[in-house]
>>> print(open('run08.txt').read())   # compact mmCIF, C-alpha atoms
# COMPACT_ATOMS: atom_id res chain seq x y z
CA MET H 179 -8.00 -18.06 43.71
CA ARG H 180 -5.11 -16.86 45.86
CA MET H 181 -1.90 -18.87 45.83
CA LYS H 182 -0.34 -19.69 49.20
CA MET H 183 3.41 -19.09 49.42
CA PRO H 184 4.36 -20.44 52.87
CA ASN H 185 8.14 -20.38 52.51
CA GLN H 186 8.50 -16.70 51.61
CA ARG H 187 8.94 -13.87 54.07
CA PRO H 188 7.05 -10.58 53.52
CA ASN H 189 10.18 -8.88 52.10
CA ALA H 190 10.70 -11.75 49.67
CA ARG H 191 7.10 -11.47 48.52
CA ARG H 192 7.55 -7.76 47.92
CA LEU H 193 10.73 -8.40 45.96
CA LEU H 194 8.95 -11.02 43.85
CA ALA H 195 6.05 -8.65 43.19
CA ALA H 196 8.48 -5.91 42.19
CA ALA H 197 10.26 -8.31 39.85
CA TRP H 198 6.95 -9.20 38.17
CA LEU H 199 6.10 -5.50 37.71
CA LEU H 200 9.49 -4.85 36.13
CA ALA H 201 9.02 -7.83 33.82
CA LEU H 202 5.57 -6.60 32.76
CA ALA H 203 6.93 -3.10 32.17
CA ALA H 204 9.62 -4.56 29.92
CA LEU H 205 7.10 -6.33 27.68
CA PRO H 206 6.73 -4.63 24.29
CA VAL H 207 3.68 -2.40 23.80
CA ALA H 208 1.65 -2.96 20.64
CA ALA H 209 3.61 -0.64 18.36
CA ASP H 210 1.92 -0.86 14.99
CA TRP H 211 -0.92 1.09 13.39
CA PRO H 212 -0.87 -1.08 10.27
CA MET H 213 -3.82 0.32 8.32
CA PHE H 214 -6.44 3.05 8.23
CA LEU H 215 -8.67 2.79 11.34
CA GLY H 216 -6.17 0.51 13.02
CA ASN H 217 -7.39 -3.01 12.21
CA ALA H 218 -9.15 -5.17 9.65
CA GLN H 219 -12.56 -4.60 11.28
CA ARG H 220 -11.95 -0.83 10.91
CA ASN H 221 -12.91 -0.19 14.53
CA SER H 222 -10.43 2.33 15.91
CA VAL H 223 -10.18 1.13 19.49
CA ILE H 224 -7.09 0.53 21.64
CA GLU H 225 -7.70 -1.07 25.02
CA ARG H 226 -4.66 0.41 26.74
CA SER H 227 -4.69 3.90 28.20
CA PHE H 228 -3.24 6.80 26.22
CA PRO H 229 -4.25 10.01 28.04
CA PRO H 230 -3.07 13.59 27.45
CA PRO H 231 -1.09 15.79 27.74
CA LEU H 232 1.39 15.21 24.93
CA ALA H 233 4.36 17.22 23.70
CA VAL H 234 5.82 17.67 20.22
CA GLU H 235 8.75 15.26 19.76
CA TRP H 236 9.50 15.99 16.09
CA THR H 237 7.95 17.34 12.90
CA TYR H 238 8.42 16.35 9.27
CA ASP H 239 7.62 18.66 6.36
CA ALA H 240 5.31 17.65 3.51
CA PRO H 241 4.55 21.11 2.06
CA ASP H 242 1.62 20.23 -0.20
CA GLY H 243 -0.51 18.97 2.69
CA ILE H 244 -1.50 15.69 4.33
CA ASP H 245 -4.96 14.14 4.15
CA SER H 246 -3.91 10.52 4.62
CA THR H 247 -3.72 8.84 8.01
CA ALA H 248 -0.21 7.63 8.77
CA ILE H 249 0.38 3.91 9.11
CA ILE H 250 3.12 2.65 11.42
CA VAL H 251 4.85 -0.71 10.98
CA ASP H 252 8.12 -1.90 12.58
CA GLY H 253 9.34 1.57 13.52
CA THR H 254 8.53 3.26 10.20
CA VAL H 255 5.80 5.80 9.45
CA TYR H 256 4.27 5.74 5.94
CA PHE H 257 1.98 8.46 4.59
CA GLY H 258 0.95 10.19 1.38
CA GLU H 259 1.20 13.85 0.41
CA MET H 260 -1.26 15.71 -1.80
CA ASN H 261 1.38 16.27 -4.51
CA GLY H 262 1.68 12.52 -5.10
CA LYS H 263 4.71 11.90 -2.93
CA PHE H 264 4.63 8.92 -0.60
CA HIS H 265 6.98 9.10 2.39
CA ALA H 266 8.72 6.63 4.69
CA VAL H 267 9.93 8.23 7.95
CA GLU H 268 11.72 6.83 11.00
CA LEU H 269 9.29 6.75 13.92
CA ALA H 270 11.94 7.34 16.58
CA THR H 271 13.65 10.33 14.95
CA GLY H 272 11.39 11.81 12.27
CA LYS H 273 14.15 11.43 9.67
CA GLY H 274 13.10 10.59 6.13
CA LYS H 275 14.05 7.16 4.78
CA TRP H 276 12.81 7.54 1.21
CA VAL H 277 10.23 9.33 -0.95
CA TYR H 278 8.36 7.69 -3.83
CA GLN H 279 6.61 9.78 -6.48
CA ALA H 280 3.10 8.62 -7.41
CA GLY H 281 0.65 10.49 -9.63
CA LEU H 282 -1.38 13.48 -8.40
CA GLY H 283 -2.32 13.23 -4.70
CA VAL H 284 -2.27 10.34 -2.25
CA PRO H 285 -5.27 11.10 -0.01
CA ALA H 286 -5.73 7.65 1.55
CA SER H 287 -3.60 5.41 3.76
CA GLY H 288 -1.67 2.35 2.67
CA CYS H 289 -1.07 -1.06 4.23
CA VAL H 290 2.12 -3.10 4.62
CA MET H 291 2.65 -6.82 3.99
CA ASP H 292 5.66 -9.00 3.14
CA GLY H 293 8.10 -6.11 2.74
CA VAL H 294 5.80 -4.04 0.52
CA VAL H 295 3.61 -0.98 1.16
CA PHE H 296 0.44 -0.73 -0.97
CA PHE H 297 -1.52 2.48 -1.70
CA GLY H 298 -3.55 4.25 -4.37
CA ASP H 299 -3.49 7.73 -5.89
CA GLU H 300 -5.85 10.24 -7.48
CA GLU H 301 -4.88 9.12 -11.00
CA GLY H 302 -6.37 5.70 -10.20
CA ALA H 303 -3.03 3.89 -9.97
CA PHE H 304 -2.44 1.36 -7.22
CA HIS H 305 1.21 1.07 -6.20
CA ALA H 306 3.27 -1.68 -4.55
CA VAL H 307 6.53 -0.19 -3.21
CA ASP H 308 9.46 -1.92 -1.52
CA ILE H 309 9.64 -0.76 2.11
CA VAL H 310 13.46 -0.91 2.21
CA THR H 311 14.40 0.82 -1.03
CA GLY H 312 11.28 2.83 -1.92
CA ALA H 313 11.40 1.29 -5.41
CA LEU H 314 8.29 0.29 -7.35
CA ARG H 315 7.51 -3.44 -7.35
CA TRP H 316 4.42 -3.19 -9.54
CA LYS H 317 1.53 -0.85 -10.42
CA TYR H 318 -2.08 -1.58 -11.35
CA GLN H 319 -4.24 1.00 -13.13
CA THR H 320 -7.92 1.31 -12.21
CA GLY H 321 -10.43 3.42 -14.11
CA ALA H 322 -10.67 6.38 -11.71
CA GLU H 323 -9.16 7.93 -8.61
CA ILE H 324 -8.55 5.86 -5.47
CA LEU H 325 -9.65 7.33 -2.14
CA SER H 326 -10.00 3.92 -0.49
CA SER H 327 -7.38 2.62 1.94
CA PRO H 328 -6.52 -1.02 1.17
CA SER H 329 -6.73 -4.14 3.31
CA CYS H 330 -3.71 -6.46 3.21
CA LEU H 331 -4.59 -10.15 3.44
CA PRO H 332 -2.69 -13.38 2.70
CA GLY H 333 -2.84 -13.71 -1.07
CA ALA H 334 -4.93 -10.57 -1.63
CA VAL H 335 -4.91 -6.80 -1.33
CA LEU H 336 -8.42 -5.32 -1.38
CA VAL H 337 -9.06 -1.74 -2.50
CA GLY H 338 -11.97 0.29 -3.84
CA SER H 339 -11.92 2.74 -6.75
CA TYR H 340 -14.09 5.57 -8.03
CA ASP H 341 -14.56 3.45 -11.17
CA SER H 342 -17.26 1.72 -9.04
CA SER H 343 -15.23 -1.44 -8.44
CA LEU H 344 -13.74 -3.30 -5.51
CA TYR H 345 -10.51 -5.04 -6.51
CA SER H 346 -8.68 -8.04 -5.12
CA LEU H 347 -5.08 -7.98 -6.38
CA ASN H 348 -2.33 -10.55 -6.01
CA PRO H 349 0.18 -8.87 -3.64
CA ALA H 350 3.18 -10.49 -5.35
CA THR H 351 2.33 -9.63 -8.95
CA GLY H 352 -0.48 -7.07 -9.03
CA GLU H 353 -2.60 -9.35 -11.19
CA PRO H 354 -6.32 -9.23 -10.34
CA ASN H 355 -7.76 -12.13 -8.38
CA TRP H 356 -11.16 -10.66 -9.13
CA ASP H 357 -12.99 -7.34 -9.31
CA TYR H 358 -16.52 -6.72 -8.12
CA ARG H 359 -18.57 -4.06 -9.88
CA THR H 360 -20.95 -1.90 -7.81
CA GLU H 361 -23.36 0.70 -9.11
CA ASP H 362 -21.40 3.80 -8.07
CA ARG H 363 -18.07 5.00 -6.64
CA VAL H 364 -16.38 3.08 -3.82
CA HIS H 365 -14.89 5.57 -1.37
CA CYS H 366 -14.73 3.42 1.77
CA SER H 367 -11.97 1.14 2.96
CA PRO H 368 -13.03 -2.53 3.00
CA ALA H 369 -13.55 -4.11 6.42
CA VAL H 370 -12.70 -7.80 6.75
CA GLN H 371 -13.82 -10.58 9.10
CA ASP H 372 -14.11 -14.38 8.83
CA GLY H 373 -13.30 -14.57 5.12
CA LYS H 374 -15.77 -11.84 4.19
CA THR H 375 -15.25 -8.22 3.19
CA PHE H 376 -17.81 -5.51 3.94
CA VAL H 377 -18.07 -2.59 1.55
CA THR H 378 -20.30 0.46 1.33
CA GLY H 379 -20.42 2.99 -1.47
CA CYS H 380 -22.09 5.85 -3.23
CA ASP H 381 -24.82 3.49 -4.46
CA GLY H 382 -26.15 3.37 -0.89
CA ARG H 383 -25.66 -0.35 -0.33
CA LEU H 384 -23.75 -2.42 2.19
CA ARG H 385 -22.35 -5.48 0.44
CA VAL H 386 -20.97 -8.66 2.01
CA ILE H 387 -18.50 -10.30 -0.40
CA ASP H 388 -16.55 -13.54 -0.19
CA VAL H 389 -12.84 -12.65 -0.06
CA LYS H 390 -11.68 -15.71 -2.03
CA THR H 391 -14.22 -15.69 -4.84
CA GLY H 392 -15.40 -12.08 -5.07
CA LYS H 393 -19.00 -13.30 -5.03
CA GLU H 394 -21.62 -11.22 -3.25
CA GLU H 395 -23.24 -13.09 -0.37
CA SER H 396 -25.77 -10.44 0.65
CA GLN H 397 -26.53 -6.75 0.56
CA VAL H 398 -28.54 -4.19 2.53
CA SER H 399 -29.93 -1.01 0.96
CA THR H 400 -29.58 2.19 2.99
CA ASP H 401 -31.07 4.54 0.36
CA ASP H 402 -28.33 7.02 1.18
CA TYR H 403 -24.97 8.06 -0.25
CA ILE H 404 -22.12 6.61 1.85
CA ALA H 405 -18.50 7.79 1.86
CA SER H 406 -17.31 6.70 5.30
CA THR H 407 -15.87 3.31 6.17
CA PRO H 408 -18.01 0.76 8.04
CA ALA H 409 -16.96 -0.30 11.54
CA LEU H 410 -17.50 -4.02 12.08
CA VAL H 411 -18.35 -5.31 15.57
CA GLY H 412 -19.55 -8.92 15.60
CA ASP H 413 -22.78 -9.22 13.66
CA ARG H 414 -23.21 -5.46 13.36
CA ILE H 415 -21.96 -2.77 11.01
CA TYR H 416 -21.99 0.87 12.09
CA ILE H 417 -21.79 3.52 9.38
CA GLY H 418 -22.45 7.21 8.81
CA THR H 419 -24.07 8.55 5.64
CA MET H 420 -23.88 11.75 3.64
CA GLY H 421 -27.60 12.16 4.25
CA GLY H 422 -27.04 12.82 7.95
CA GLN H 423 -27.78 9.33 9.30
CA VAL H 424 -25.79 6.93 11.44
CA LEU H 425 -26.94 3.35 10.93
CA ALA H 426 -26.57 0.12 12.87
CA ILE H 427 -26.98 -2.83 10.50
CA ASP H 428 -27.27 -6.49 11.42
CA TRP H 429 -25.41 -7.87 8.41
CA LYS H 430 -26.33 -11.50 9.12
CA LYS H 431 -30.05 -10.73 9.20
CA GLY H 432 -29.74 -8.14 6.47
CA GLU H 433 -31.67 -5.45 8.32
CA ILE H 434 -31.19 -1.98 9.74
CA VAL H 435 -31.42 -2.14 13.55
CA TRP H 436 -31.62 1.59 14.18
CA SER H 437 -31.07 4.94 12.50
CA TYR H 438 -29.78 8.04 14.28
CA ARG H 439 -30.23 11.54 12.94
CA TYR H 440 -29.28 14.77 14.72
CA SER H 441 -31.64 17.72 14.58
CA ASP H 442 -29.50 19.43 11.91
CA ALA H 443 -30.96 17.97 8.72
CA ASN H 444 -28.05 19.28 6.63
CA ASN H 445 -25.43 17.23 8.44
CA GLN H 446 -23.16 14.77 6.64
CA PHE H 447 -20.98 12.02 8.09
CA LEU H 448 -17.69 11.34 6.33
CA SER H 449 -15.94 10.37 9.58
CA SER H 450 -15.87 6.64 10.37
CA PRO H 451 -17.12 5.37 13.74
CA ALA H 452 -15.24 3.92 16.69
CA VAL H 453 -17.39 1.53 18.73
CA VAL H 454 -16.54 0.93 22.40
CA ASP H 455 -18.04 1.08 25.90
CA GLY H 456 -21.56 0.82 24.49
CA LYS H 457 -21.05 3.92 22.32
CA VAL H 458 -20.75 4.63 18.60
CA ILE H 459 -18.53 7.70 18.26
CA LEU H 460 -17.92 9.71 15.09
CA GLY H 461 -17.57 13.27 13.83
CA GLY H 462 -20.01 15.15 11.63
CA ARG H 463 -19.90 18.06 9.25
CA ASP H 464 -22.17 19.84 11.75
CA ARG H 465 -18.91 20.43 13.73
CA ARG H 466 -19.90 17.94 16.43
CA VAL H 467 -18.51 14.72 17.78
CA HIS H 468 -21.51 12.44 18.35
CA ALA H 469 -21.54 9.60 20.91
CA ILE H 470 -24.55 7.36 20.26
CA ASP H 471 -25.86 4.50 22.37
CA GLU H 472 -24.80 1.28 20.64
CA GLN H 473 -28.05 -0.56 21.44
CA THR H 474 -30.73 2.13 21.13
CA GLY H 475 -29.33 4.66 18.66
CA THR H 476 -29.96 7.60 21.02
CA LEU H 477 -27.52 10.41 21.72
CA VAL H 478 -25.33 9.93 24.82
CA TRP H 479 -23.21 13.08 24.51
CA GLU H 480 -21.98 15.58 21.94
CA PHE H 481 -18.95 17.84 21.69
CA MET H 482 -18.87 20.96 19.54
CA THR H 483 -15.77 22.08 17.61
CA ARG H 484 -15.43 25.17 15.41
CA SER H 485 -15.51 23.45 12.02
CA ARG H 486 -16.63 20.28 10.30
CA ILE H 487 -15.14 16.93 11.35
CA ASP H 488 -14.07 14.55 8.60
CA SER H 489 -11.33 13.02 10.76
CA SER H 490 -12.22 9.66 12.29
CA PRO H 491 -11.86 9.23 16.07
CA VAL H 492 -9.59 6.74 17.76
CA VAL H 493 -10.36 5.61 21.31
CA ALA H 494 -7.52 4.63 23.64
CA GLY H 495 -8.60 3.61 27.13
CA GLN H 496 -10.87 6.40 28.38
CA THR H 497 -9.75 9.01 25.84
CA VAL H 498 -11.27 9.86 22.46
CA TRP H 499 -8.74 11.44 20.06
CA VAL H 500 -10.24 13.27 17.07
CA GLY H 501 -9.20 16.03 14.69
CA SER H 502 -11.28 18.86 13.26
CA ASN H 503 -11.07 21.19 10.29
CA ASP H 504 -10.70 23.96 12.88
CA GLY H 505 -7.04 22.88 13.08
CA ASN H 506 -7.20 21.19 16.47
CA LEU H 507 -6.63 17.66 17.71
CA TYR H 508 -8.97 17.06 20.65
CA ALA H 509 -8.73 14.64 23.56
CA LEU H 510 -12.21 13.97 24.99
CA ASP H 511 -13.40 11.97 27.96
CA LEU H 512 -15.03 8.76 26.70
CA LYS H 513 -17.79 8.75 29.31
CA THR H 514 -18.79 12.42 29.26
CA GLY H 515 -17.42 13.96 26.07
CA GLN H 516 -15.76 16.73 28.04
CA GLU H 517 -12.56 18.20 26.61
CA GLN H 518 -9.44 16.96 28.41
CA TRP H 519 -6.86 18.67 26.20
CA LYS H 520 -6.29 19.98 22.69
CA PHE H 521 -3.32 20.53 20.39
CA THR H 522 -3.43 23.20 17.68
CA LEU H 523 -1.89 22.24 14.35
CA GLY H 524 -1.22 24.68 11.54
CA GLY H 525 -4.10 23.66 9.29
CA PRO H 526 -7.31 21.61 8.97
CA VAL H 527 -7.06 18.04 10.28
CA VAL H 528 -8.66 15.44 7.99
CA ALA H 529 -6.37 12.53 8.87
CA GLN H 530 -6.96 10.23 11.80
CA ALA H 531 -4.49 10.05 14.68
CA ALA H 532 -2.28 6.93 14.60
CA ILE H 533 -1.03 5.68 17.98
CA SER H 534 2.13 3.63 18.36
CA GLY H 535 3.67 2.88 21.75
CA ASP H 536 3.97 6.22 23.57
CA ARG H 537 3.61 8.31 20.39
CA LEU H 538 0.71 9.79 18.45
CA ILE H 539 1.34 10.60 14.77
CA ILE H 540 -0.89 12.97 12.83
CA GLY H 541 -0.63 15.24 9.80
CA SER H 542 -2.63 18.22 8.64
CA ARG H 543 -3.20 20.34 5.57
CA ASP H 544 -0.51 22.74 6.79
CA GLY H 545 1.99 20.26 5.34
CA VAL H 546 3.46 19.04 8.61
CA LEU H 547 3.50 15.57 10.12
CA TYR H 548 3.63 15.72 13.93
CA SER H 549 4.93 13.19 16.40
CA LEU H 550 3.37 13.86 19.81
CA LYS H 551 4.77 11.98 22.77
CA LYS H 552 3.98 11.58 26.43
CA PRO H 553 6.30 13.94 28.36
>>> encode(input="run08.txt", output="structure tokens")
Amino acid sequence: MRMKMPNQRPNARRLLAAAWLLALAALPVAADWPMFLGNAQRNSVIERSFPPPLAVEWTYDAPDGIDSTAIIVDGTVYFGEMNGKFHAVELATGKGKWVYQAGLGVPASGCVMDGVVFFGDEEGAFHAVDIVTGALRWKYQTGAEILSSPSCLPGAVLVGSYDSSLYSLNPATGEPNWDYRTEDRVHCSPAVQDGKTFVTGCDGRLRVIDVKTGKEESQVSTDDYIASTPALVGDRIYIGTMGGQVLAIDWKKGEIVWSYRYSDANNQFLSSPAVVDGKVILGGRDRRVHAIDEQTGTLVWEFMTRSRIDSSPVVAGQTVWVGSNDGNLYALDLKTGQEQWKFTLGGPVVAQAAISGDRLIIGSRDGVLYSLKKP
């Protein structure tokens, strides 16, 4: 409905419109990338536009290589290095704030809550570190390495371990609320919605678990090894498998809706999907980015890189951002899959791009964290 403004002249209306535009421009842009895959549902989608090209704003050295996706909270970038160092870096300048030494490598992302950043390492230790000082608050030891990125919730931090368990830890003390034992390693990062957490693992099952009690509510067997993290969209879970499948699962009905398999039978999916615009988009170890119809499970488009893709895509507006082990970060058109732009890093890209305001943060195995900014 149009509003009538009888007492304003055309110039006054234009001035009012200009004032509204200036006010909208001054509103803060969503500036955080608070966890791996962007949100609790683990669906890496940003509604606002973030198109290329970008230019290097700053770099930060982490010589032993970066596999973990950066998280960004309140102007600070947090990420792990493969020598066990965990870094806090100023987003605006790229200057280091502090470095905390964990054990072995830190291949997965953390999450931040109540002044603490939480993350695991390859020695199986889960760390709670003060975001101001970089000092240890507490540490909890699991039975094997942690490649799972945690979920931070009120009263609980959820994380999986290669000791086959999913843990719920008290964020203030590190004491277990509960631990749920699966039948094999838990590589994925738990997705969360409506008081439930959704976990897949190397035992080939999707489990729906009550966050408060740790009790399993249901499970679906996929008969396939799963390392990627499930993307949760309403009643559906979308997940890739190491057997070359991408599955759509109705978790409420407990059934597989469709299964997609590319012609290359040797393909594996470690990349986690982004689901948007009727498409399920993820990378494969067949070097391709696959865009699959969300309803039918048929291929919409594909894009070929020069090496396997373990990096998970993030979709911002009409642009798909995804890294490849060929050392490039690609910007693809969401509708067609055509390349819009690419940026060459110095080594394989396993981490996902993290987008904050007008910056994109990504690291690679060349040991450099890059801040790319709109020119």
>>> closest_residue(input="run08.txt", among="H:Thr522, H:Ser502, H:Gln496, H:Ser346", to="Arg466 of chain H", atoms="only C-alpha atoms")
H:Ser502
>>> residues_near_point(input="run08.txt", point="(-16.5, 9.2, 27.3)", cutoff="12 Å", atoms="only C-alpha atoms", output="ChimeraX atom specification")
/H:452-459,467-471,478-481,493-499,509-518
>>> atom_distance(input="run08.txt", atom1="atom CA of Asp504 of chain H", atom2="atom CA of Gly541 of chain H")
13.7 Å
>>> residues_around(input="run08.txt", residues="Pro285 of chain H", least_positions_apart="4", cutoff="8 Å", atoms="all atoms listed in the file", output="PyMOL selection string")
chain H and resi 244-246+258-260+299-300+325
>>> residues_around(input="run08.txt", residues="segment 335-341 of chain H", least_positions_apart="5", cutoff="6 Å", atoms="all atoms listed in the file", output="list in words")
Gly321, Ala322, Glu323, Ile324, Ser326, Pro328, Ser329, Cys330, Ser346, Leu347, Pro349, Arg363 and Val364 of chain H
>>> residues_near_point(input="run08.txt", point="(-21.8, -1.4, -0.5)", cutoff="12 Å", atoms="all atoms listed in the file", output="ChimeraX atom specification")
/H:338,342-344,358-369,375-387,394-408,415,417,419,429
>>> residues_around(input="run08.txt", residues="Phe257 of chain H", least_positions_apart="5", cutoff="8 Å", atoms="all atoms listed in the file", output="mmCIF file with C-alpha atoms, keeping the file's coordinate frame")
data_model
loop_
_atom_site.group_PDB
_atom_site.id
_atom_site.type_symbol
_atom_site.label_atom_id
_atom_site.label_comp_id
_atom_site.auth_asym_id
_atom_site.auth_seq_id
_atom_site.Cartn_x
_atom_site.Cartn_y
_atom_site.Cartn_z
ATOM 1 C CA SER H 246 -3.910 10.520 4.620
ATOM 2 C CA THR H 247 -3.720 8.840 8.010
ATOM 3 C CA ALA H 248 -0.210 7.630 8.770
ATOM 4 C CA ILE H 249 0.380 3.910 9.110
ATOM 5 C CA PHE H 264 4.630 8.920 -0.600
ATOM 6 C CA HIS H 265 6.980 9.100 2.390
ATOM 7 C CA ALA H 266 8.720 6.630 4.690
ATOM 8 C CA SER H 287 -3.600 5.410 3.760
ATOM 9 C CA GLY H 288 -1.670 2.350 2.670
#
>>> residues_around(input="run08.txt", residues="Glu235 of chain H", least_positions_apart="6", cutoff="10 Å", atoms="all atoms listed in the file", output="list in words")
Ala270, Thr271, Gly272, Arg537, Leu538, Tyr548, Ser549, Leu550, Lys551, Lys552 and Pro553 of chain H
>>> atom_distance(input="run08.txt", atom1="atom CA of Leu331 of chain H", atom2="atom CA of Tyr345 of chain H")
12.7 Å
>>> residues_around(input="run08.txt", residues="Asp544 of chain H", least_positions_apart="2", cutoff="6 Å", atoms="only C-alpha atoms", output="VMD selection string")
chain H and resid 243 524 to 525 542 546
